[in-house]
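Enquirer: input25.txt is the file, holding compact mmCIF, C-alpha atoms:
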```txt
# COMPACT_ATOMS: atom_id res chain seq x y z
CA MET A 1 114.84 91.81 98.13
CA THR A 2 111.14 92.46 98.60
CA ASP A 3 110.97 89.90 101.42
CA TRP A 4 114.04 91.48 103.04
CA HIS A 5 112.54 94.98 102.73
CA GLU A 6 109.18 93.98 104.22
CA GLY A 7 110.96 92.04 106.96
CA VAL A 8 113.07 95.02 108.04
CA LEU A 9 109.98 97.23 108.20
CA LEU A 10 108.16 94.60 110.29
CA GLU A 11 111.11 94.14 112.62
CA LEU A 12 111.28 97.88 113.28
CA GLN A 13 107.56 97.85 114.08
CA ARG A 14 107.97 94.91 116.46
CA ILE A 15 110.93 96.59 118.18
CA ALA A 16 108.82 99.71 118.74
CA GLU A 17 105.85 97.76 120.09
CA GLU A 18 107.69 95.23 122.21
CA SER A 19 110.19 97.68 123.68
CA VAL A 20 107.31 99.20 125.63
CA VAL A 21 106.33 95.77 126.97
CA HIS A 22 109.94 95.01 127.99
CA GLY A 23 110.53 98.39 129.60
CA VAL A 24 113.12 99.55 127.06
CA GLU A 25 112.88 103.25 126.25
CA ILE A 26 114.03 104.30 122.76
CA ALA A 27 114.85 107.99 122.46
CA PRO A 28 114.88 109.80 119.10
CA LEU A 29 117.57 108.15 116.99
CA GLU A 30 120.93 109.91 116.85
CA THR A 31 122.30 107.65 114.11
CA LEU A 32 120.99 105.24 111.50
CA TYR A 33 123.41 102.91 109.69
CA PHE A 34 122.82 100.72 106.64
CA GLY A 35 125.70 98.25 106.56
CA GLY A 36 126.85 94.68 106.79
CA GLY A 37 127.16 94.11 103.06
CA THR A 38 126.37 96.41 100.16
CA PRO A 39 123.03 98.14 100.86
CA THR A 40 123.26 100.03 97.57
CA VAL A 41 122.44 96.88 95.59
CA VAL A 42 118.82 97.39 96.67
CA SER A 43 116.59 100.12 95.32
CA PRO A 44 117.17 103.53 96.93
CA SER A 45 113.38 103.67 97.37
CA MET A 46 113.66 100.75 99.84
CA VAL A 47 116.27 102.66 101.83
CA ALA A 48 113.99 105.70 101.77
CA ASN A 49 111.06 103.62 103.05
CA ILE A 50 113.12 102.29 105.95
CA ILE A 51 114.24 105.82 106.88
CA ARG A 52 110.61 107.01 106.81
CA GLU A 53 109.51 104.08 108.97
CA ALA A 54 112.29 104.73 111.50
CA ARG A 55 111.32 108.39 111.66
CA SER A 56 107.65 107.51 112.15
CA LEU A 57 108.25 104.86 114.84
CA PHE A 58 111.10 106.36 116.85
CA GLN A 59 111.64 109.92 115.61
CA LEU A 60 115.00 111.05 114.30
CA ALA A 61 117.11 113.57 116.18
CA PRO A 62 117.46 116.90 114.32
CA GLU A 63 121.06 116.17 113.29
CA CYS A 64 120.65 112.41 112.86
CA GLU A 65 123.62 110.87 111.04
CA ILE A 66 122.35 108.44 108.38
CA THR A 67 125.11 106.36 106.79
CA VAL A 68 124.97 103.93 103.89
CA GLU A 69 127.85 101.58 103.08
CA ALA A 70 128.61 101.04 99.40
CA ASN A 71 131.13 99.46 97.09
CA PRO A 72 132.32 101.92 94.43
CA GLU A 73 130.84 100.03 91.48
CA SER A 74 127.39 100.00 93.09
CA LEU A 75 127.24 103.81 93.03
CA LEU A 76 128.19 103.86 89.34
CA ARG A 77 125.27 101.79 88.06
CA PRO A 78 122.95 103.39 85.48
CA ILE A 79 120.30 104.63 87.91
CA PRO A 80 121.26 107.81 89.83
CA CYS A 81 121.86 105.94 93.10
CA ALA A 82 123.86 108.60 94.97
CA LYS A 83 121.40 111.38 94.17
CA ALA A 84 118.42 109.20 95.15
CA LEU A 85 120.06 108.29 98.47
CA ARG A 86 120.77 111.93 99.25
CA GLU A 87 117.15 112.85 98.49
CA ALA A 88 116.01 110.00 100.75
CA GLY A 89 117.77 111.65 103.69
CA VAL A 90 121.09 109.78 103.76
CA THR A 91 123.78 112.14 105.08
CA ARG A 92 126.93 110.00 104.87
CA ILE A 93 128.44 107.51 102.40
CA SER A 94 131.07 104.92 103.42
CA LEU A 95 132.87 103.36 100.45
CA GLY A 96 134.81 100.09 100.49
CA ALA A 97 137.73 101.34 98.39
CA GLN A 98 140.21 98.80 99.90
CA SER A 99 143.18 99.75 97.67
CA ALA A 100 144.43 102.28 95.12
CA SER A 101 146.09 99.47 93.13
CA ASP A 102 144.11 97.70 90.42
CA ALA A 103 146.38 94.67 90.73
CA SER A 104 145.67 94.36 94.47
CA LEU A 105 141.95 94.83 93.89
CA ARG A 106 141.90 92.03 91.31
CA LEU A 107 143.79 89.68 93.63
CA ALA A 108 141.38 90.52 96.45
CA GLY A 109 138.43 89.63 94.20
CA ARG A 110 136.99 93.13 94.16
CA LEU A 111 134.71 94.18 91.30
CA HIS A 112 135.90 97.78 91.05
CA THR A 113 139.03 99.61 89.96
CA ALA A 114 140.86 102.51 91.55
CA ASP A 115 139.28 104.83 88.97
CA ASP A 116 135.86 103.53 90.02
CA THR A 117 136.61 104.66 93.58
CA VAL A 118 137.60 108.12 92.38
CA ASN A 119 134.49 108.42 90.21
CA ALA A 120 132.19 107.12 92.98
CA VAL A 121 133.53 109.68 95.48
CA LEU A 122 133.17 112.52 92.97
CA LEU A 123 129.66 111.36 92.07
CA ALA A 124 128.62 111.26 95.73
CA HIS A 125 130.08 114.72 96.30
CA GLU A 126 128.25 116.04 93.23
CA ALA A 127 125.02 114.52 94.59
CA GLY A 128 125.37 116.67 97.71
CA PHE A 129 127.26 114.46 100.17
CA ASP A 130 129.70 116.39 102.35
CA ALA A 131 130.40 113.36 104.57
CA ILE A 132 132.22 110.71 102.52
CA SER A 133 134.43 107.99 103.97
CA CYS A 134 136.70 105.40 102.34
CA ASP A 135 138.00 102.11 103.79
CA PHE A 136 141.45 100.78 102.87
CA ILE A 137 143.22 97.51 103.70
CA THR A 138 146.89 96.92 104.43
CA GLY A 139 148.59 93.56 103.91
CA LEU A 140 146.97 92.63 100.58
CA PRO A 141 148.91 90.21 98.36
CA ASP A 142 151.78 91.80 96.41
CA GLU A 143 151.09 95.14 98.14
CA THR A 144 154.10 97.46 98.43
CA MET A 145 154.91 100.82 100.00
CA LYS A 146 154.34 102.34 96.57
CA ASP A 147 150.73 101.16 96.80
CA ILE A 148 150.42 102.77 100.23
CA ASP A 149 151.68 106.06 98.84
CA ALA A 150 149.08 105.74 96.07
CA VAL A 151 146.37 105.50 98.74
CA LEU A 152 147.59 108.74 100.32
CA GLU A 153 147.66 110.43 96.92
CA MET A 154 144.10 109.28 96.27
CA VAL A 155 142.88 110.54 99.66
CA ASN A 156 144.53 113.92 99.17
CA ALA A 157 142.97 114.32 95.73
CA LEU A 158 139.40 113.56 96.80
CA PRO A 159 136.74 115.35 98.91
CA LEU A 160 136.92 112.84 101.78
CA ASN A 161 136.43 113.74 105.42
CA HIS A 162 136.88 110.26 106.90
CA VAL A 163 139.23 107.32 106.27
CA SER A 164 139.41 103.86 107.84
CA ILE A 165 142.41 101.55 107.53
CA TYR A 166 142.37 97.88 108.48
CA ALA A 167 144.96 95.12 108.46
CA LEU A 168 143.92 92.23 106.25
CA SER A 169 142.12 89.39 108.01
CA ILE A 170 142.10 86.05 106.21
CA VAL A 171 139.28 83.56 106.77
CA SER A 172 140.59 80.03 106.25
CA ASP A 173 137.59 78.37 104.57
CA THR A 174 137.31 80.87 101.70
CA ARG A 175 138.85 81.17 98.22
CA PHE A 176 141.08 83.92 99.57
CA GLY A 177 142.14 81.67 102.43
CA GLU A 178 143.07 78.98 99.93
CA PHE A 179 145.09 81.53 97.95
CA TYR A 180 147.01 82.39 101.14
CA ARG A 181 147.76 78.72 101.85
CA LYS A 182 149.18 78.27 98.35
CA PHE A 183 151.11 81.54 98.11
CA PRO A 184 151.91 82.86 101.61
CA GLU A 185 155.06 84.53 100.28
CA ARG A 186 152.90 86.95 98.29
CA PHE A 187 151.48 88.50 101.47
CA PRO A 188 153.45 91.16 103.39
CA GLY A 189 154.73 89.94 106.75
CA ASP A 190 153.66 91.47 110.05
CA GLU A 191 156.61 93.86 110.22
CA ILE A 192 156.02 95.20 106.70
CA GLU A 193 152.28 95.47 107.33
CA ARG A 194 152.97 97.56 110.45
CA ARG A 195 155.28 99.82 108.41
CA MET A 196 152.46 100.27 105.91
CA THR A 197 150.05 101.22 108.66
CA HIS A 198 152.53 103.66 110.20
CA ARG A 199 153.09 105.24 106.78
CA LEU A 200 149.34 105.73 106.39
CA ILE A 201 148.98 107.17 109.90
CA ALA A 202 151.75 109.71 109.34
CA GLY A 203 150.47 110.64 105.89
CA LEU A 204 146.86 111.07 106.98
CA GLU A 205 147.81 113.16 110.01
CA SER A 206 150.01 115.41 107.88
CA SER A 207 147.02 115.90 105.57
CA GLY A 208 144.83 117.19 108.39
CA PHE A 209 143.07 113.99 109.45
CA GLN A 210 142.83 113.33 113.18
CA HIS A 211 143.57 109.79 114.35
CA TYR A 212 140.64 109.29 116.74
CA GLU A 213 140.26 105.49 116.89
CA ILE A 214 142.67 102.63 116.25
CA SER A 215 141.57 102.23 112.64
CA ASN A 216 139.79 105.52 111.97
CA PHE A 217 140.75 109.05 110.93
CA ALA A 218 138.56 112.09 110.44
CA ARG A 219 138.79 115.72 109.62
CA PRO A 220 137.75 117.83 112.64
CA GLY A 221 134.10 117.16 113.48
CA ALA A 222 133.69 114.34 110.95
CA GLU A 223 134.10 111.35 113.27
CA SER A 224 131.68 108.48 112.67
CA ARG A 225 129.05 109.11 115.31
CA HIS A 226 127.45 105.71 114.78
CA ASN A 227 130.62 103.67 115.27
CA THR A 228 131.52 105.77 118.30
CA VAL A 229 128.38 104.35 119.94
CA TYR A 230 130.01 100.89 119.82
CA TRP A 231 133.32 102.09 121.25
CA GLN A 232 131.52 103.90 124.08
CA ALA A 233 129.54 100.71 124.87
CA ASP A 234 126.28 102.65 124.46
CA PRO A 235 123.02 100.87 123.51
CA TYR A 236 121.88 100.34 119.92
CA PHE A 237 119.29 98.20 118.18
CA ALA A 238 119.28 96.56 114.79
CA ALA A 239 117.05 94.99 112.14
CA GLY A 240 117.76 92.52 109.36
CA PRO A 241 119.48 89.15 108.95
CA SER A 242 122.69 88.81 110.99
CA ALA A 243 122.08 92.22 112.59
CA SER A 244 123.35 92.66 116.16
CA SER A 245 121.97 94.82 118.95
CA TYR A 246 122.80 95.78 122.52
CA MET A 247 119.79 96.94 124.53
CA GLY A 248 118.97 96.73 128.20
CA GLY A 249 122.24 94.90 128.91
CA VAL A 250 121.40 92.12 126.44
CA ARG A 251 123.45 91.44 123.32
CA ARG A 252 121.56 89.79 120.46
CA THR A 253 122.27 88.60 116.92
CA ASN A 254 119.64 87.78 114.30
CA PRO A 255 119.94 84.61 112.19
CA LEU A 256 122.33 84.91 109.23
CA SER A 257 119.98 83.18 106.78
CA ILE A 258 117.28 85.45 105.34
CA ASP A 259 114.77 82.57 105.35
CA LYS A 260 115.52 81.65 108.97
CA TRP A 261 115.42 85.31 109.99
CA LEU A 262 112.00 85.75 108.35
CA ARG A 263 110.58 82.61 110.02
CA HIS A 264 111.90 83.87 113.34
CA LEU A 265 110.54 87.37 112.69
CA TYR A 266 107.02 86.23 111.81
CA SER A 267 106.85 83.97 114.87
CA LYS A 268 104.72 85.40 117.67
CA GLU A 269 106.86 83.64 120.29
CA GLU A 270 110.16 84.94 118.97
CA GLY A 271 111.10 88.19 117.23
CA PRO A 272 113.35 91.08 118.28
CA PHE A 273 113.11 90.30 122.01
CA GLY A 274 112.84 86.50 121.81
CA ARG A 275 115.20 84.08 123.54
CA ALA A 276 116.61 82.63 120.32
CA THR A 277 118.57 85.77 119.45
CA ILE A 278 120.28 86.22 122.84
CA ASP A 279 124.08 85.98 122.60
CA GLU A 280 124.94 87.30 126.04
CA ILE A 281 123.39 88.92 129.06
CA VAL A 282 126.00 91.45 130.13
CA ASP A 283 126.22 91.71 133.92
CA GLU A 284 127.81 94.66 135.70
CA ASP A 285 131.24 93.05 135.99
CA ALA A 286 131.32 92.37 132.24
CA ALA A 287 129.99 95.85 131.46
CA ARG A 288 132.86 97.43 133.42
CA VAL A 289 135.42 95.44 131.42
CA GLU A 290 133.73 96.34 128.12
CA THR A 291 133.77 100.03 128.97
CA VAL A 292 137.55 99.80 129.30
CA ILE A 293 138.51 97.56 126.39
CA LEU A 294 136.17 99.28 123.94
CA GLY A 295 137.06 102.73 125.24
CA LEU A 296 140.76 102.06 124.74
CA ARG A 297 140.10 101.83 121.00
CA LEU A 298 139.49 105.59 121.07
CA LEU A 299 142.66 107.63 121.19
CA ARG A 300 141.15 109.89 123.82
CA GLY A 301 141.05 106.80 126.02
CA VAL A 302 138.92 105.92 129.02
CA SER A 303 137.88 108.76 131.31
CA ARG A 304 138.01 108.02 135.02
CA ALA A 305 135.12 110.44 135.64
CA VAL A 306 132.92 108.85 132.97
CA PHE A 307 133.75 105.36 134.23
CA ARG A 308 132.76 106.27 137.81
CA GLU A 309 129.56 107.97 136.64
CA ARG A 310 128.55 104.93 134.59
CA HIS A 311 129.55 102.17 137.00
CA GLY A 312 129.57 103.80 140.42
CA ILE A 313 133.10 102.68 141.25
CA SER A 314 136.63 103.90 140.69
CA LEU A 315 138.50 102.62 137.64
CA ASP A 316 141.65 102.31 139.75
CA LYS A 317 139.94 100.34 142.49
CA LEU A 318 139.10 97.65 139.93
CA PHE A 319 142.08 97.71 137.59
CA SER A 320 145.02 99.50 139.23
CA GLN A 321 147.40 96.51 138.97
CA THR A 322 146.50 95.89 135.33
CA ILE A 323 146.98 99.57 134.49
CA GLU A 324 150.38 99.67 136.22
CA SER A 325 151.48 96.52 134.38
CA LEU A 326 150.51 97.93 130.99
CA ILE A 327 152.23 101.23 131.77
CA ALA A 328 155.40 99.28 132.57
CA LYS A 329 155.15 97.52 129.20
CA GLY A 330 154.78 100.86 127.42
CA LEU A 331 151.27 100.06 126.16
CA ILE A 332 149.28 102.61 128.17
CA ASP A 333 149.68 106.26 129.16
CA ASP A 334 148.03 107.67 132.28
CA ASP A 335 147.49 111.38 132.77
CA SER A 336 145.39 111.02 135.97
CA GLU A 337 142.17 111.91 134.10
CA CYS A 338 142.29 109.19 131.42
CA ILE A 339 144.14 106.06 130.44
CA ARG A 340 144.90 105.64 126.73
CA LEU A 341 146.99 103.48 124.44
CA THR A 342 150.49 104.66 123.57
CA SER A 343 151.73 104.57 119.98
CA ARG A 344 153.23 101.17 120.79
CA GLY A 345 149.95 100.19 122.43
CA LEU A 346 148.11 100.84 119.17
CA ASP A 347 150.17 98.07 117.59
CA PHE A 348 149.46 95.71 120.49
CA ALA A 349 145.88 96.76 121.29
CA ASP A 350 144.66 93.16 121.55
CA GLU A 351 147.31 92.40 124.17
CA ALA A 352 146.25 95.44 126.18
CA ALA A 353 142.58 94.48 125.94
CA ARG A 354 143.21 90.87 127.04
CA ALA A 355 144.92 92.13 130.19
CA PHE A 356 141.57 93.45 131.46
CA LEU A 357 139.66 90.21 130.87
```
Can you dump the structure from the file as structure tokens?

Expert:
Amino acid sequence: MTDWHEGVLLELQRIAEESVVHGVEIAPLETLYFGGGTPTVVSPSMVANIIREARSLFQLAPECEITVEANPESLLRPIPCAKALREAGVTRISLGAQSASDASLRLAGRLHTADDTVNAVLLAHEAGFDAISCDFITGLPDETMKDIDAVLEMVNALPLNHVSIYALSIVSDTRFGEFYRKFPERFPGDEIERRMTHRLIAGLESSGFQHYEISNFARPGAESRHNTVYWQADPYFAAGPSASSYMGGVRRTNPLSIDKWLRHLYSKEEGPFGRATIDEIVDEDAARVETVILGLRLLRGVSRAVFRERHGISLDKLFSQTIESLIAKGLIDDDSECIRLTSRGLDFADEAARAFL
């Protein structure tokens, strides 16, 4: 953990120094996000040091959103983790609740219970967090509509202002993938999973949450500002093993291995702007497509005015036939100012996105 901590601090320093050399201007940070795992397993003092370093190197905007992901059990450890994070400047907690059913949590290999989620949310709220989010998964083994209703009951009983819901994705070469191969009948089919998602959407909306992105719901004003950066195809930079960035039209990903990442980081030839991390150089044609397919994830859709301002060309001049085809299929609505997914389109978002590729 010490090597990881020192490496992140060094990478931030190298980004600050080398961005000047490469002509990349970094404005005061609007958001800071600790994710990609369970950051709360490290000492809160390490998180505090990284926040201080980011503030010193780049400045933080006055209302900077600082989010830390956590699993419920990691906030319930003996040390006062939630309070220490709040004192360090963290403004938002995102908890991987996944389910309100202990049976589903055990089958999914989670280390917490539904009560742990409740206690973690209440602890974070007591520590001074007003922005608390929970993630839930549909399609877990043996999951039923009763379990979905339990999620809605949990959400309504807790001081949450943001909820994310995701359909289960199964990776084949994992223990969970092996479980699926042996017992596929224990997993809800696609039609049932969609019914679960629709039940959650209706329940969350009736409870005052606004459905603002395919998988995300927020009380008014509580949208995840950091994740919205991705959906708007705006630039962001990152530090740490496996971290991804998009700056100056270049998409990069750091090595997954901590040891390989550190060797790369301490190399004078490589580092944050080295060739080894380049995944893709996004040209203008690709950037136009990304603006559309990422923007369609937001329920407000893709603005024609914003598209023209960003790319200097009309959305319809590039994609009129595709838009008309998707309208005919009932996947897209068009109100002359924006195009956006229909309720049916939300279920077939991947199909809509592929049409623009």

Enquirer: Please provide the set of residues having any atom within 8 Å of stretch 113-121 of chain A, restricted to all atoms listed in the file, with same-chain residues fewer than 6 positions apart removed, written as a ChimeraX atom specification.

Expert: /A:72-73,75-76,95,97,99-102,105,132,154,158-160

Enquirer: Closest to A:Ser320 among A:Ala222, A:Phe356, A:Asn71, A:Phe58, using only C-alpha atoms?

Expert: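 Selected residue with least distance to A:Ser320: A:Phe356.
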
Enquirer: A:Ile258, A:Ala353, A:Ile51, A:Val282: which is nearest A:Gly295, counting only C-alpha atoms?

Expert: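 Among the listed residues, the smallest separation from A:Gly295 belongs to A:Ala353.
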
Enquirer: Taking into account only C-alpha atoms, which residue in the set A:Met145, A:Met196, A:Leu122, A:Leu140 is nearest to A:Phe176?

Expert: A:Leu140

Enquirer: Can you work out which one of A:Trp4, A:Phe273, A:Phe319, A:Phe348 has the shortest atom-to-atom distance to A:Glu18, counting all atoms listed in the file?

Expert: A:Phe273

Enquirer: Near A:Pro141, counting all atoms listed in the file, which residues have an atom at most 10 Å away, once you skip same-chain residues fewer than 6 positions from it, shown as a compact mmCIF listing (two decimals) with C-alpha atoms, in the frame of the given file?

Expert:
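Okay, this is what ended up in part39.txt:
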```
# COMPACT_ATOMS: atom_id res chain seq x y z
CA ALA A 103 146.38 94.67 90.73
CA SER A 104 145.67 94.36 94.47
CA LEU A 105 141.95 94.83 93.89
CA LEU A 107 143.79 89.68 93.63
CA ALA A 108 141.38 90.52 96.45
CA LEU A 168 143.92 92.23 106.25
CA PHE A 179 145.09 81.53 97.95
CA TYR A 180 147.01 82.39 101.14
CA PHE A 183 151.11 81.54 98.11
CA PRO A 184 151.91 82.86 101.61
CA GLU A 185 155.06 84.53 100.28
CA ARG A 186 152.90 86.95 98.29
CA PHE A 187 151.48 88.50 101.47
CA PRO A 188 153.45 91.16 103.39
```

Enquirer: Give as an mmCIF file with C-alpha atoms, in the frame of the given file each residue that has an atom at most 12 Å from (133.7, 109.9, 115.1) in the file, counting all atoms listed in the file.

Expert:
```cif
data_model
loop_
_atom_site.group_PDB
_atom_site.id
_atom_site.type_symbol
_atom_site.label_atom_id
_atom_site.label_comp_id
_atom_site.auth_asym_id
_atom_site.auth_seq_id
_atom_site.Cartn_x
_atom_site.Cartn_y
_atom_site.Cartn_z
ATOM 1 C CA THR A 31 122.300 107.650 114.110
ATOM 2 C CA GLU A 65 123.620 110.870 111.040
ATOM 3 C CA ALA A 131 130.400 113.360 104.570
ATOM 4 C CA SER A 133 134.430 107.990 103.970
ATOM 5 C CA ASN A 161 136.430 113.740 105.420
ATOM 6 C CA HIS A 162 136.880 110.260 106.900
ATOM 7 C CA VAL A 163 139.230 107.320 106.270
ATOM 8 C CA SER A 164 139.410 103.860 107.840
ATOM 9 C CA PHE A 209 143.070 113.990 109.450
ATOM 10 C CA GLN A 210 142.830 113.330 113.180
ATOM 11 C CA HIS A 211 143.570 109.790 114.350
ATOM 12 C CA TYR A 212 140.640 109.290 116.740
ATOM 13 C CA GLU A 213 140.260 105.490 116.890
ATOM 14 C CA ILE A 214 142.670 102.630 116.250
ATOM 15 C CA SER A 215 141.570 102.230 112.640
ATOM 16 C CA ASN A 216 139.790 105.520 111.970
ATOM 17 C CA PHE A 217 140.750 109.050 110.930
ATOM 18 C CA ALA A 218 138.560 112.090 110.440
ATOM 19 C CA ARG A 219 138.790 115.720 109.620
ATOM 20 C CA PRO A 220 137.750 117.830 112.640
ATOM 21 C CA GLY A 221 134.100 117.160 113.480
ATOM 22 C CA ALA A 222 133.690 114.340 110.950
ATOM 23 C CA GLU A 223 134.100 111.350 113.270
ATOM 24 C CA SER A 224 131.680 108.480 112.670
ATOM 25 C CA ARG A 225 129.050 109.110 115.310
ATOM 26 C CA HIS A 226 127.450 105.710 114.780
ATOM 27 C CA ASN A 227 130.620 103.670 115.270
ATOM 28 C CA THR A 228 131.520 105.770 118.300
ATOM 29 C CA VAL A 229 128.380 104.350 119.940
ATOM 30 C CA TYR A 230 130.010 100.890 119.820
ATOM 31 C CA TRP A 231 133.320 102.090 121.250
ATOM 32 C CA GLN A 232 131.520 103.900 124.080
ATOM 33 C CA ARG A 297 140.100 101.830 121.000
ATOM 34 C CA LEU A 298 139.490 105.590 121.070
ATOM 35 C CA LEU A 299 142.660 107.630 121.190
ATOM 36 C CA ARG A 300 141.150 109.890 123.820
#
```

Enquirer: Rounded to one decimal in Å, what is the spacing between atom CA of A:Lys260 and atom CA of A:Ala54?

Expert: 23.4 Å

Enquirer: Please, what distance in Å, to one decimal, runs between atom CA of A:Leu294 and atom CA of A:Ala233?

Expert: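 These two atoms are separated by 6.8 Å.
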
Enquirer: For stretch 228-234 of chain A, take all atoms listed in the file, fit an axis-aligned box around them, add 5 Å to each of the six sides, then output centre and edge lengths in Å rounded to one decimal, as AutoDock Vina command-line options.

Expert:
```
--center_x 129.8 --center_y 103.2 --center_z 121.6 --size_x 17.0 --size_y 15.1 --size_z 16.6
```

Enquirer: Pick from A:Ile26, A:Leu152, A:Ser56, A:Ile339: nearest to A:Ala305, with all atoms listed in the file counted?

Expert: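 Residue with the minimum atom-to-atom distance to A:Ala305: A:Ile339.
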
Enquirer: To one decimal place, how far is atom CA of A:Pro80 from atom CA of A:Ala124 in Å?

Expert: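 Distance between the two atoms: 10.0 Å.
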
Enquirer: Find the residue from A:Gly177, A:Pro255, A:Gly189, A:Gly96 that sits nearest to A:Asp142; use all atoms listed in the file when measuring.

Expert: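 Comparing A:Gly177, A:Pro255, A:Gly189, A:Gly96 against A:Asp142, the winner is A:Gly189.
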
Enquirer: Show which residues sit within 9 Å of A:Ile278, as a VMD selection string. Count all atoms listed in the file, and ignore same-chain residues fewer than 4 positions away.

Expert: chain A and resid 250 to 254 273 to 274
